[in-house]
Structures are given as C-alpha cells and as structure tokens.
Amino acid sequence: MPDIFGVPAAVLLGQVLLGLINGSFYAMLSLGLAIIFGMLNVINFAHGAFYMLGAFVTWLCLTQLGLNYWAALVVVPIVVGVFGAVVERLFLRRLYRIDHLYSLLFTFGLALAMEGLFRYLFGAAGKPYPVPETLTGVFRLGFMVLPVYRAWVILASVLVCLLVWLVMEKTRLGAWLRAATENPSLVTAFGINVPLMLTLTYGFCVGLAGFAGVLAAPIYQVSPAMGSSLIVIVFAVVVIGGLGSIGGAILTGLSLGVIEGLTKVFYPSASAIVIFVVMVLVLILRPAGLFGREN
Amino acid sequence: MHHPVRRLEVEDLHSWYGESHILHGASLHVNQGEIVTLLGRNGAGKTTMMRTLMGIVQQRKGRAVLDGQDLLAMPAHHVARLGLGFVPEERGIFSSLNVLENLLLPPAFRPSGMALEQIYTLFPNLQGRDTTIGTRLSGGEQQMLAIARILRTGADFILLDEPTEGLAPVIVEDISRALGELKALGLTIILVEQNIRFAMANADRHYVMEQGRVVDEFSNEALQSNMAKINAYLGV
Ligand SMILES: Nc1ncnc2c1ncn2[C@@H]1O[C@H](COP(=O)(O)OP(=O)(O)OP(=O)(O)O)[C@@H](O)[C@H]1O
Ligand SMILES: [Mg+2]
C-alpha cells in the first residue's frame with residue numbers, strides 16, 4: 001500500500017479503525033446526552049456514571065450471579081435504564097421548572113456520589129472482565145490485526161445508533177419526541193402524556209449508557225473512574241456536534257474518534273487534547289456546533 | 001324548534017400564570033354545532049381562556065365542563081380524548097417535522113376523524129407537500145395545516161385562536177370557506193378573532209372579554225346593530 005503524508009496507508013487505516021472504537025463510545029454517549037438535553041433540558045452530568053454503572057453491573061452479574069456477557073447485554077441496559085427512570089421520577093422532574101443549573105448540579109452530584117459509592121465498595125483498582133468466548137480471536141486484515149471483540153463493539157454500537165436514529169427520524173414515536181422537544185405543552189394538548197414520555201426517554205438514554213458500559217467492560221478496565229474520564233471527552237463531542245441533531249451527535253462522535261486515532265499517527269503527543277482543540281475551533285467559528293441550530 | 005344540546009359550560013373560571021391572576025371569573029357556554037367567538041382587546045384573556053380549557057394553564061379554579069366531563073379534574077393529556085381540538089395562536093407547526101409528520105402528529109382518538117383525501121379536498125394547498133418542512137409553508141398554509149391536523153383526529157369541538165392573523169385577504173377567504181364547511185359538518189367551534197367581518201361571516205354568537213372576564217354577549221344578528229358598542233369594547 002502507498003504512503004500518505006509519509007505514513008504507510010496500512011498504519012493509517014489501522015488507526016482509523018482503532019479510532020472508530022473510541023468513537024463508538026463517544027457516539028452512543030453523546031447521542032443520549034443530546035436527546036436528554038433536547039427533551040428534558042437537562043445537562044446530564046451523570047451520563048458517565050451510568051456508563052460506569054453499566055460496566056460494574058456487568059462485572060457483578062458475572063462474578064456474583066454467574067450471568068454471562070450475552071445475558072448482561074440484555075439485562076444490564078434494562079436495570080440501568082430503570083434506575084435512570086426512577087431518578088427522573090423522584091428527582092429530576094422536580095427541577096425542570098427552575099434554572100438549568102439545578103439539574104446540572106444534581107446530576108453532577110449524583111455522578112460524584114455513584115463514583116464514590118463504587119470506590120468505597122469495590123476499591124479504585126480496575127477489574128478485568130474476560131472477552132466472551134465467541135468473540136475471542138482476531139481478524140487478520142492485512143493492514144492490521146483487529147481483535148474480533150473490537151470489531152463487534154464497532155458493529156454493535158453503529159447498529160444501535162442507527163436504530164435510535166431511525167426511530168427518532170422515521171417513526172411516529174420519533175415525531176412525538178421531536179415535537180415535544182419543541183413545544184411540550186402543545187403536544188400534551190394533542191393528548192400525549194409528555195411527562196411519561198420524558199421519564200421513558202431519560203430511562204432509555206441512560207439504558208443506552210448502560211449498554212455502552214457492557215460493551216466497554218471487556219475492553220477497558222471496570223473501575224469507578226471510567227465514567228468521569230470518558231464523560232469529559234463526550235461533553236466536548238457534544239459541544240462540537242451541537243445539541244440540535246441526533247444524526248449529528250452520532251457522526252461527530254465517530255469522526256472525533258477517528259480524528260483522535262489519526263492524531264496518534266501524525267502527532268502522538270497531541271492525541272489526548274486534539275478533541276479539545278477541535279472544540280475550541282468550533283466554538284470560535286460556529287458556536288452552536290457543527291450540527292446545531294443557530295438562533 | 002328542538003332544544004340545543006349544551007356542550008361546554010364554563011362558570012366563574014379563574015386562572016393564573018405564576019403570580020399573575022389572568023382569568024377573573026369568566027363564564028360562557030357553547031351549544032352543539034355552534035360557532036362562538038371570543039372578542040376583546042389584546043391581553044383580554046382570550047388565548048388564556050383556551051389554554052386554561054386545554055389544561056396548558058394548570059393553575060386554575062372554577063368550573064369547566066365538556067359533555068358532562070369536568071375539564072379541571074383531568075390531566076392535560078386526557079382533554080383531547082373528549083374530542084376537544086386546539087389550533088393555537090401561533091399555529092404551532094413544528095419545525096423539526098415535515099408537513100406529513102405535522103399532519104399525523106396528534107393521535108386520532110375517534111374513528112370519525114377526517115381521511116387524508118377529505119383533508120386535501122378541504123385544503124388543496126396541503127396536497128403533495130408531505131416532505132416540506134412544516135415551517136417552510138406560507139403562513140396561510142401553516143394555518144390550514146394546523147386546522148387539518150386537528151380535523152384528522154376526529155375532534156368535534158375546536159378551539160381556533162386567531163386563524164386569520166397576518167394572512168392575505170384571499171387566504172382569509174379560503175379559511176372562511178373551510179370554516180363554513182366545518183360548520184356544515186356539525187362541528188362546534190370557539191373562535192378568537194380580531195377581524196370582525198370574518199367573525200360575523202362565520203359565527204352564531206359572540207362573547208366579549210375584558211380583563212379576564214366575559215362582559216357581554218351578542219347574537220350574530222344583534223352584532224350589526226351594536227357596532228358602536230363593539231367598537232368601544234375593542235377600542236377601534
Ligand atoms: N405565559 C404568560 N405568563 C404571564 N403572563 C401572561 C402569559 N401569557 C399571557 N399573559 C398575560 O395574560 C394576559 C392575557 O393574555 P392573553 O394572551 O390571554 O390575551 P389575548 O386576549 O389572547 O390577547 P391577544 O389578542 O393579544 O392575543 C395578558 O396580560 C398577558 O400579558
Ligand atoms: Mg391571544
């Protein structure tokens with residue numbers, strides 16, 4: 001294969017694929033954040049903690065209950081989602097009417113409390129989680145060796161994101177959700193139970209973070225801090241993409257993963273900050289974000 | 001003559017936006033098949049009356065009964081199930097939805113809802129515009145869409161807030177004709193209207209609102225001979 005800017009194309013492609021893995025997580029989490037912000041007007045700082053919860057429950061399922069990865073993939077998002085719905089019902093709901101700041105502080109506090117609780121219960125050290133047997137092994141792609149599990153992560157997250165996008169953009173339910181984002185009281189007047197829809201939406205998006213947590217367990221170490229380190233980047237992704245669009249959140253998440261991967265090739269020492277550099281540029285040039293609506 | 005069927009009964013209705021007390025004991029009634037207008041100056045509380053009946057304004061007290069059902073006792077999302085349809089002042093067309101999505105948005109709670117062909121016969125402008133973004137339609141077309149989506153639900157009692165606001169005379173005529181057809185179909189309508197001629201052409205009775213109260217009532221026949229009084233109420 002030829003060189004591109006003095007880098008073998010094979011290396012480049014390899015990094016693109018690796019970038020897509022991080023990007024998958026950015027996409028799944030920023031998607032949920034964007035929907036939650038659109039519908040509930042809540043900046044959900046606890047999103048990373050729910051992702052961490054997903055990974056931890058997955059680990060607990062295996063070590064305490066003997067439930068394997070595939071069972072966790074189904075059970076954990078439901079458990080985490082129900083927990084999210086309860087949080088919305090009991091706490092967040094009371095904060096909608098007052099300033100944004102209160103719900104932000106609440107979710108921030110919740111994230112700290114959850115992280116603290118898990119550190120207290122299980123310690124700060126990362127817990128290894130085995131790759132499920134059916135997904136061990138590697139694909140030899142010629143230009144790189146791709147572990148099967150990582151390919152699965154990309155596939156599963158892209159499919160899930162696509163599914164969410166389809167539901168939001170192409171179904172009646174999605175139309176209700178989009179309309180409720182714009183004018184909840186009119187949608188209520190049309191006979192739709194908007195408060196219930198908000199609870200379910202929050203629960204669903206939190207469940208999606210839990211799903212990302214399950215996917216993450218065999219790749220990253222399961223640790224109390226895994227959410228807070230990821231959520232900082234995901235917030236930058238959301239700022240870059242803008243909060244206006246579901247498709248935008250997905251595309252931005254995936255492409256920033258790729259950009260991060262490519263930076264590792266061309267200028268490795270910048271790879272940890274490249275997303276924030278992009279964020280600064282976007283904020284200067286297009287403050288509403290790449291896909292956000294300026295008004 | 002047979003006795004009119006009373007559909008809506010509003011008595012001593014009060015409502016608040018936070019601290020501000022807006023409806024101050026308004027009373028009115030509407031019979032089956034009537035078109036009744038609410039006239040009044042800007043800020044008289046006409047829109048608030050509709051929003052209070054729909055449950056959009058939740059701080060309220062008094063009596064509002066539709067077909068024997070207490071509107072104040074039910075959650076806001078149950079009101080539409082009684083066949084009450086709301087066409088709001090700013091039309092409420094959604095910019096994140098295309099025309100067809102806007103049209104299909106409100107659930108049809110009753111089987112008597114208009115079929116799409118019927119809707120396109122009533123409002124030919126809407127035909128073939130399915131994939132246009134709702135808010136890209138002209139003001140008149142948005143108004144038609146706002147009415148059409150309510151007709152599709154089978155609502156037989158419609159709250160119509162200033163349907164002609166800001167529209168060209170030709171379009172006002174289209175809306176007026178459509179209103180006539182709805183009346184012929186037996187729909188009951190409360191109409192808020194600044195355009196007195198439009199109101200007279202379409203309505204059976206008129207209420208005048210002032211500072212959150214209903215202060216006067218005219219039959220359509222009486223309106224003509226009371227024009228001076230009406231103009232004084234409306235400050236024109
Ligand atoms: N969301 C709100 N919060 C506080 N006060 C409001 C709100 N909406 C309306 N009001 C006040 O309530 C009063 C009645 O308003 P409303 O919109 O019902 O009047 P209206 O008769 O429909 O007037 P217009 O002819 O201008 O549409 C006004 O004094 C208005 O300032
Ligand atoms: Mg008004």
# chains A, B, ... in the order shown; residues from 1 in each chain; ligands from 1
>>> closest_atom_pairs(of="chain B", to="chain A", cutoff="12 Å", atoms="only C-alpha atoms", output="tab-separated table")
residue	atom	partner	partner_atom	distance
B:Gly18	CA	A:Arg97	CA	11.5
B:Met50	CA	A:Ala189	CA	10.7
B:Arg51	CA	A:Ala189	CA	8.9
B:Thr52	CA	A:Ala189	CA	10.7
B:Leu53	CA	A:Ala189	CA	9.9
B:Met54	CA	A:Ala189	CA	6.1
B:Gly55	CA	A:Ala189	CA	7.3
B:Ile56	CA	A:Ser185	CA	5.9
B:Val57	CA	A:Ser185	CA	9.1
B:Gln58	CA	A:Ser185	CA	10.7
B:Met74	CA	A:Gly191	CA	11.6
B:Pro75	CA	A:Asn193	CA	8.9
B:Ala76	CA	A:Ala189	CA	6.3
B:His77	CA	A:Gly191	CA	4.1
B:His78	CA	A:Gly191	CA	5.7
B:Val79	CA	A:Gly191	CA	6.6
B:Ala80	CA	A:Gly191	CA	4.9
B:Arg81	CA	A:Gly191	CA	6.5
B:Leu82	CA	A:Gly191	CA	9.7
B:Gly83	CA	A:Gly191	CA	10.0
B:Leu84	CA	A:Phe190	CA	8.9
B:Gly85	CA	A:Phe190	CA	7.2
B:Phe86	CA	A:Ala189	CA	7.0
B:Val87	CA	A:Leu186	CA	9.3
B:Pro88	CA	A:Leu186	CA	8.2
B:Glu89	CA	A:Leu186	CA	11.2
B:Glu90	CA	A:Leu186	CA	11.0
B:Arg91	CA	A:Leu186	CA	10.1
B:Gly92	CA	A:Leu186	CA	7.3
B:Ile93	CA	A:Ala179	CA	9.1
B:Phe94	CA	A:Ala179	CA	6.2
B:Ser95	CA	A:Glu182	CA	8.1
B:Ser96	CA	A:Arg178	CA	6.5
B:Leu97	CA	A:Ala175	CA	6.7
B:Asn98	CA	A:Ala175	CA	9.4
B:Val99	CA	A:Ala175	CA	11.4
B:Leu100	CA	A:Ala175	CA	10.4
B:Glu101	CA	A:Ala175	CA	6.6
B:Asn102	CA	A:Ala175	CA	8.2
B:Leu103	CA	A:Ala175	CA	10.7
B:Leu104	CA	A:Arg172	CA	8.0
B:Leu105	CA	A:Trp176	CA	6.6
B:Pro106	CA	A:Phe190	CA	5.2
B:Pro107	CA	A:Gly191	CA	7.0
B:Ala108	CA	A:Phe190	CA	9.2
B:Phe109	CA	A:Gly191	CA	8.6
B:Thr131	CA	A:Lys170	CA	12.0
B:Gly134	CA	A:Ala179	CA	11.4
B:Ala146	CA	A:Leu186	CA	11.5
B:Arg149	CA	A:Phe190	CA	9.9
B:Ile150	CA	A:Phe190	CA	8.4
B:Leu151	CA	A:Phe190	CA	11.8
B:Arg152	CA	A:Phe190	CA	11.6
B:Thr153	CA	A:Phe190	CA	9.0
B:Gly154	CA	A:Phe190	CA	11.7
B:Ala155	CA	A:Phe190	CA	10.2
B:Ile158	CA	A:Phe190	CA	11.8
B:Leu159	CA	A:Ala189	CA	11.2
>>> residues_near_ligand(ligand="ligand 2", cutoff="9 Å", atoms="only C-alpha atoms and all ligand atoms", output="ChimeraX atom specification")
/B:42-48,88-89,161-162,192-193
>>> select_by_dssp(residues="range 59-166 of chain A", states="strand (DSSP E)", output="list in words")
Val138, Phe139, Arg140, Val145, Leu146 and Pro147 of chain A
>>> write_last_selection(atoms="C-alpha atoms", output="mmCIF file, in the first residue's frame")
data_model
loop_
_atom_site.group_PDB
_atom_site.id
_atom_site.type_symbol
_atom_site.label_atom_id
_atom_site.label_comp_id
_atom_site.auth_asym_id
_atom_site.auth_seq_id
_atom_site.Cartn_x
_atom_site.Cartn_y
_atom_site.Cartn_z
ATOM 1 C CA VAL A 138 -8.616 -11.715 15.694
ATOM 2 C CA PHE A 139 -9.366 -10.709 12.132
ATOM 3 C CA ARG A 140 -6.189 -10.500 10.027
ATOM 4 C CA VAL A 145 -4.806 -7.344 13.269
ATOM 5 C CA LEU A 146 -8.259 -6.467 14.588
ATOM 6 C CA PRO A 147 -9.491 -8.310 17.663
#
>>> residues_around(residues="Ile22 in chain B", least_positions_apart="3", cutoff="8 Å", atoms="only C-alpha atoms", output="list in words")
His14, Ser15, Trp16, Tyr17, Gly45, Thr48, Gln211 and Gly212 of chain B
>>> decode(residues="range 137-148 of chain B", atoms="N, CA and C atoms", output="PDB file, in the first residue's frame")
ATOM      1  N   LEU B 137     -43.828  26.234   5.019  1.00  0.00           N
ATOM      2  CA  LEU B 137     -45.090  26.588   4.372  1.00  0.00           C
ATOM      3  C   LEU B 137     -45.369  28.072   4.597  1.00  0.00           C
ATOM      4  N   SER B 138     -46.195  28.657   3.735  1.00  0.00           N
ATOM      5  CA  SER B 138     -46.595  30.045   3.943  1.00  0.00           C
ATOM      6  C   SER B 138     -47.476  30.110   5.194  1.00  0.00           C
ATOM      7  N   GLY B 139     -47.658  31.319   5.701  1.00  0.00           N
ATOM      8  CA  GLY B 139     -48.474  31.490   6.898  1.00  0.00           C
ATOM      9  C   GLY B 139     -49.866  30.887   6.735  1.00  0.00           C
ATOM     10  N   GLY B 140     -50.475  31.122   5.581  1.00  0.00           N
ATOM     11  CA  GLY B 140     -51.812  30.599   5.339  1.00  0.00           C
ATOM     12  C   GLY B 140     -51.823  29.086   5.299  1.00  0.00           C
ATOM     13  N   GLU B 141     -50.813  28.524   4.644  1.00  0.00           N
ATOM     14  CA  GLU B 141     -50.735  27.061   4.557  1.00  0.00           C
ATOM     15  C   GLU B 141     -50.480  26.446   5.930  1.00  0.00           C
ATOM     16  N   GLN B 142     -49.667  27.134   6.744  1.00  0.00           N
ATOM     17  CA  GLN B 142     -49.440  26.639   8.106  1.00  0.00           C
ATOM     18  C   GLN B 142     -50.743  26.637   8.890  1.00  0.00           C
ATOM     19  N   GLN B 143     -51.554  27.670   8.677  1.00  0.00           N
ATOM     20  CA  GLN B 143     -52.840  27.732   9.367  1.00  0.00           C
ATOM     21  C   GLN B 143     -53.722  26.567   8.931  1.00  0.00           C
ATOM     22  N   MET B 144     -53.728  26.306   7.611  1.00  0.00           N
ATOM     23  CA  MET B 144     -54.520  25.178   7.102  1.00  0.00           C
ATOM     24  C   MET B 144     -54.036  23.869   7.708  1.00  0.00           C
ATOM     25  N   LEU B 145     -52.719  23.729   7.789  1.00  0.00           N
ATOM     26  CA  LEU B 145     -52.139  22.512   8.357  1.00  0.00           C
ATOM     27  C   LEU B 145     -52.537  22.364   9.830  1.00  0.00           C
ATOM     28  N   ALA B 146     -52.513  23.484  10.541  1.00  0.00           N
ATOM     29  CA  ALA B 146     -52.855  23.442  11.975  1.00  0.00           C
ATOM     30  C   ALA B 146     -54.309  23.017  12.169  1.00  0.00           C
ATOM     31  N   ILE B 147     -55.182  23.458  11.272  1.00  0.00           N
ATOM     32  CA  ILE B 147     -56.587  23.056  11.364  1.00  0.00           C
ATOM     33  C   ILE B 147     -56.735  21.603  10.900  1.00  0.00           C
ATOM     34  N   ALA B 148     -56.050  21.294   9.800  1.00  0.00           N
ATOM     35  CA  ALA B 148     -56.187  19.959   9.207  1.00  0.00           C
ATOM     36  C   ALA B 148     -55.779  18.869  10.195  1.00  0.00           C
TER      37      ALA B 148
END
